[in-house]
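*Asks:* Please find one structure pasted underneath; my questions will follow.
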Amino acid sequence: MNAVKLIVTSKKNLSFKYGKKVAAIHKLLLKMQKADLVHRLDTHIVYVDDAASCKAVGVSAVENTSEANWIFRFRKLTTRPKTKI
């Protein structure tokens with residue numbers, strides 16, 4: 001079983017910051033994802049504002065891409081449920 005690597009970002013925010021370069025950035029991320037296989041990393045690219053990429057890792061997409069919302073989603077993704085003894 002490979003270790004999991006999550007790349008979490010927002011298409012909306014990338015488009016705002018980098019404009020037409022977003023497609024090139026996505027291609028680089030895909031290239032890195034492929035290269036990570038050699039290092040036994042199962043890399044997932046998750047755009048928090050894209051339903052398809054969110055569904056692939058089991059979370060729902062968001063419309064609000066503020067920092068506070070990201071922190072909430074990240075904690076939800078990385079926190080394991082408490083088990084009762």
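Note on naming: chains are A, B, ... as they come in the structure tokens, residues start from 1 per chain, ligands start from 1 in the order shown.
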Which residues, written as JSON, numbers by chain, have at least one atom at most 9 Å from Val8 in chain A, with only C-alpha atoms counted and residues fewer than 6 positions away on the same chain left out?
*Replies:* {"A": [44, 45, 46, 47, 48, 74]}
*Asks:* Pick out the residues sitting within 12 Å of His26 in chain A, and hand them over as JSON, numbers by chain; count only C-alpha atoms, and ignore anything fewer than 5 positions along from it in its own chain.
*Replies:* {"A": [7, 9, 10, 11, 14, 15, 18, 20, 21, 31, 32, 33, 45, 46, 47]}
*Asks:* Please report, as number ranges by chain, each residue of chain A to which DSSP assigns strand (DSSP E or B) when run on this structure's backbone.
*Replies:* A: 3-9, 41-47
*Asks:* Would you please give, as a ChimeraX atom specification, all residues of range 9-85 of chain A that DSSP assigns to helix (DSSP H, G or I) based on the backbone?
*Replies:* /A:11-39,51-57,67-78
*Asks:* Once you have the residues from the selection above, write them out as a CSV table (one decimal), in the first residue's frame, restricted to N, CA and C atoms.
*Replies:*
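So the final result, stored in part-v2.csv, reads:
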```
chain,number,residue,atom,x,y,z
A,11,LYS,N,-9.5,25.9,-7.7
A,11,LYS,CA,-9.4,26.4,-9.1
A,11,LYS,C,-9.7,27.9,-9.2
A,12,LYS,N,-10.7,28.3,-8.5
A,12,LYS,CA,-11.1,29.7,-8.5
A,12,LYS,C,-10.0,30.6,-8.1
A,13,ASN,N,-9.3,30.3,-7.0
A,13,ASN,CA,-8.2,31.1,-6.5
A,13,ASN,C,-7.0,31.0,-7.4
A,14,LEU,N,-6.7,29.8,-8.0
A,14,LEU,CA,-5.6,29.7,-8.9
A,14,LEU,C,-5.9,30.6,-10.2
A,15,SER,N,-7.1,30.5,-10.7
A,15,SER,CA,-7.5,31.3,-11.8
A,15,SER,C,-7.3,32.8,-11.6
A,16,PHE,N,-7.7,33.2,-10.4
A,16,PHE,CA,-7.6,34.6,-10.0
A,16,PHE,C,-6.1,35.1,-9.9
A,17,LYS,N,-5.3,34.2,-9.4
A,17,LYS,CA,-3.9,34.6,-9.2
A,17,LYS,C,-3.1,34.4,-10.5
A,18,TYR,N,-3.3,33.3,-11.3
A,18,TYR,CA,-2.4,33.0,-12.4
A,18,TYR,C,-3.1,33.1,-13.8
A,19,GLY,N,-4.4,33.4,-13.8
A,19,GLY,CA,-5.1,33.6,-15.1
A,19,GLY,C,-5.0,32.4,-16.0
A,20,LYS,N,-4.6,32.6,-17.2
A,20,LYS,CA,-4.5,31.6,-18.2
A,20,LYS,C,-3.5,30.5,-18.0
A,21,LYS,N,-2.6,30.7,-17.0
A,21,LYS,CA,-1.5,29.8,-16.7
A,21,LYS,C,-2.0,28.6,-15.9
A,22,VAL,N,-3.3,28.6,-15.5
A,22,VAL,CA,-3.9,27.5,-14.7
A,22,VAL,C,-3.8,26.1,-15.4
A,23,ALA,N,-4.0,26.1,-16.7
A,23,ALA,CA,-3.9,24.8,-17.4
A,23,ALA,C,-2.5,24.3,-17.3
A,24,ALA,N,-1.5,25.1,-17.5
A,24,ALA,CA,-0.1,24.7,-17.4
A,24,ALA,C,0.2,24.2,-15.9
A,25,ILE,N,-0.3,24.9,-14.9
A,25,ILE,CA,-0.1,24.4,-13.6
A,25,ILE,C,-0.7,23.1,-13.3
A,26,HIS,N,-1.9,22.9,-13.9
A,26,HIS,CA,-2.6,21.6,-13.7
A,26,HIS,C,-1.8,20.5,-14.4
A,27,LYS,N,-1.2,20.7,-15.6
A,27,LYS,CA,-0.4,19.8,-16.3
A,27,LYS,C,0.9,19.4,-15.4
A,28,LEU,N,1.5,20.4,-14.8
A,28,LEU,CA,2.6,20.2,-13.9
A,28,LEU,C,2.2,19.3,-12.7
A,29,LEU,N,1.0,19.6,-12.2
A,29,LEU,CA,0.6,18.8,-11.0
A,29,LEU,C,0.4,17.3,-11.5
A,30,LEU,N,-0.2,17.1,-12.6
A,30,LEU,CA,-0.4,15.7,-13.2
A,30,LEU,C,1.0,15.1,-13.4
A,31,LYS,N,1.9,15.8,-13.9
A,31,LYS,CA,3.3,15.3,-14.1
A,31,LYS,C,3.9,14.9,-12.7
A,32,MET,N,3.7,15.7,-11.7
A,32,MET,CA,4.2,15.4,-10.4
A,32,MET,C,3.5,14.1,-9.8
A,33,GLN,N,2.2,14.1,-10.1
A,33,GLN,CA,1.4,12.9,-9.6
A,33,GLN,C,2.0,11.6,-10.2
A,34,LYS,N,2.3,11.7,-11.5
A,34,LYS,CA,2.9,10.5,-12.1
A,34,LYS,C,4.3,10.1,-11.6
A,35,ALA,N,5.1,11.2,-11.4
A,35,ALA,CA,6.4,11.0,-10.9
A,35,ALA,C,6.4,10.4,-9.4
A,36,ASP,N,5.4,10.8,-8.7
A,36,ASP,CA,5.3,10.3,-7.3
A,36,ASP,C,5.1,8.8,-7.2
A,37,LEU,N,4.5,8.2,-8.2
A,37,LEU,CA,4.3,6.7,-8.2
A,37,LEU,C,5.6,6.0,-8.1
A,38,VAL,N,6.7,6.5,-8.6
A,38,VAL,CA,8.0,5.9,-8.5
A,38,VAL,C,8.4,5.9,-7.0
A,39,HIS,N,8.0,6.9,-6.3
A,39,HIS,CA,8.3,7.0,-4.8
A,39,HIS,C,7.3,6.4,-3.9
A,51,ALA,N,-16.5,19.6,-7.9
A,51,ALA,CA,-17.2,18.5,-7.3
A,51,ALA,C,-16.5,17.1,-7.7
A,52,ALA,N,-16.0,17.0,-8.9
A,52,ALA,CA,-15.4,15.7,-9.4
A,52,ALA,C,-14.2,15.4,-8.6
A,53,SER,N,-13.3,16.3,-8.4
A,53,SER,CA,-12.0,16.0,-7.7
A,53,SER,C,-12.3,15.8,-6.2
A,54,CYS,N,-13.3,16.5,-5.7
A,54,CYS,CA,-13.7,16.3,-4.2
A,54,CYS,C,-14.3,14.9,-4.0
A,55,LYS,N,-15.2,14.5,-5.0
A,55,LYS,CA,-15.8,13.2,-4.9
A,55,LYS,C,-14.8,12.1,-4.9
A,56,ALA,N,-13.7,12.2,-5.6
A,56,ALA,CA,-12.7,11.2,-5.7
A,56,ALA,C,-12.1,10.9,-4.4
A,57,VAL,N,-12.1,11.8,-3.4
A,57,VAL,CA,-11.5,11.6,-2.1
A,57,VAL,C,-12.5,11.6,-1.0
A,67,GLU,N,-10.1,31.1,3.8
A,67,GLU,CA,-9.1,30.4,4.6
A,67,GLU,C,-9.8,29.7,5.8
A,68,ALA,N,-10.7,30.3,6.4
A,68,ALA,CA,-11.4,29.6,7.6
A,68,ALA,C,-12.2,28.4,7.1
A,69,ASN,N,-12.8,28.4,6.0
A,69,ASN,CA,-13.5,27.3,5.4
A,69,ASN,C,-12.5,26.2,5.1
A,70,TRP,N,-11.4,26.5,4.5
A,70,TRP,CA,-10.3,25.5,4.2
A,70,TRP,C,-9.9,24.8,5.4
A,71,ILE,N,-9.6,25.6,6.5
A,71,ILE,CA,-9.1,25.0,7.7
A,71,ILE,C,-10.2,24.0,8.3
A,72,PHE,N,-11.4,24.4,8.2
A,72,PHE,CA,-12.5,23.5,8.7
A,72,PHE,C,-12.5,22.2,7.9
A,73,ARG,N,-12.5,22.3,6.5
A,73,ARG,CA,-12.5,21.1,5.6
A,73,ARG,C,-11.3,20.3,5.8
A,74,PHE,N,-10.1,20.9,6.0
A,74,PHE,CA,-8.9,20.1,6.2
A,74,PHE,C,-9.0,19.3,7.5
A,75,ARG,N,-9.4,19.9,8.6
A,75,ARG,CA,-9.6,19.2,9.8
A,75,ARG,C,-10.6,18.1,9.7
A,76,LYS,N,-11.6,18.3,9.0
A,76,LYS,CA,-12.6,17.3,8.8
A,76,LYS,C,-12.0,16.1,8.0
A,77,LEU,N,-11.2,16.4,7.1
A,77,LEU,CA,-10.6,15.4,6.2
A,77,LEU,C,-9.5,14.6,7.0
A,78,THR,N,-8.8,15.2,7.9
A,78,THR,CA,-7.7,14.6,8.6
A,78,THR,C,-7.9,14.1,10.0
```
*Asks:* Between CA of Ala3 in chain A and CA of Ser60 in chain A, measure the distance and give it in Å to one decimal.
*Replies:*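 The value is 22.5 Å.
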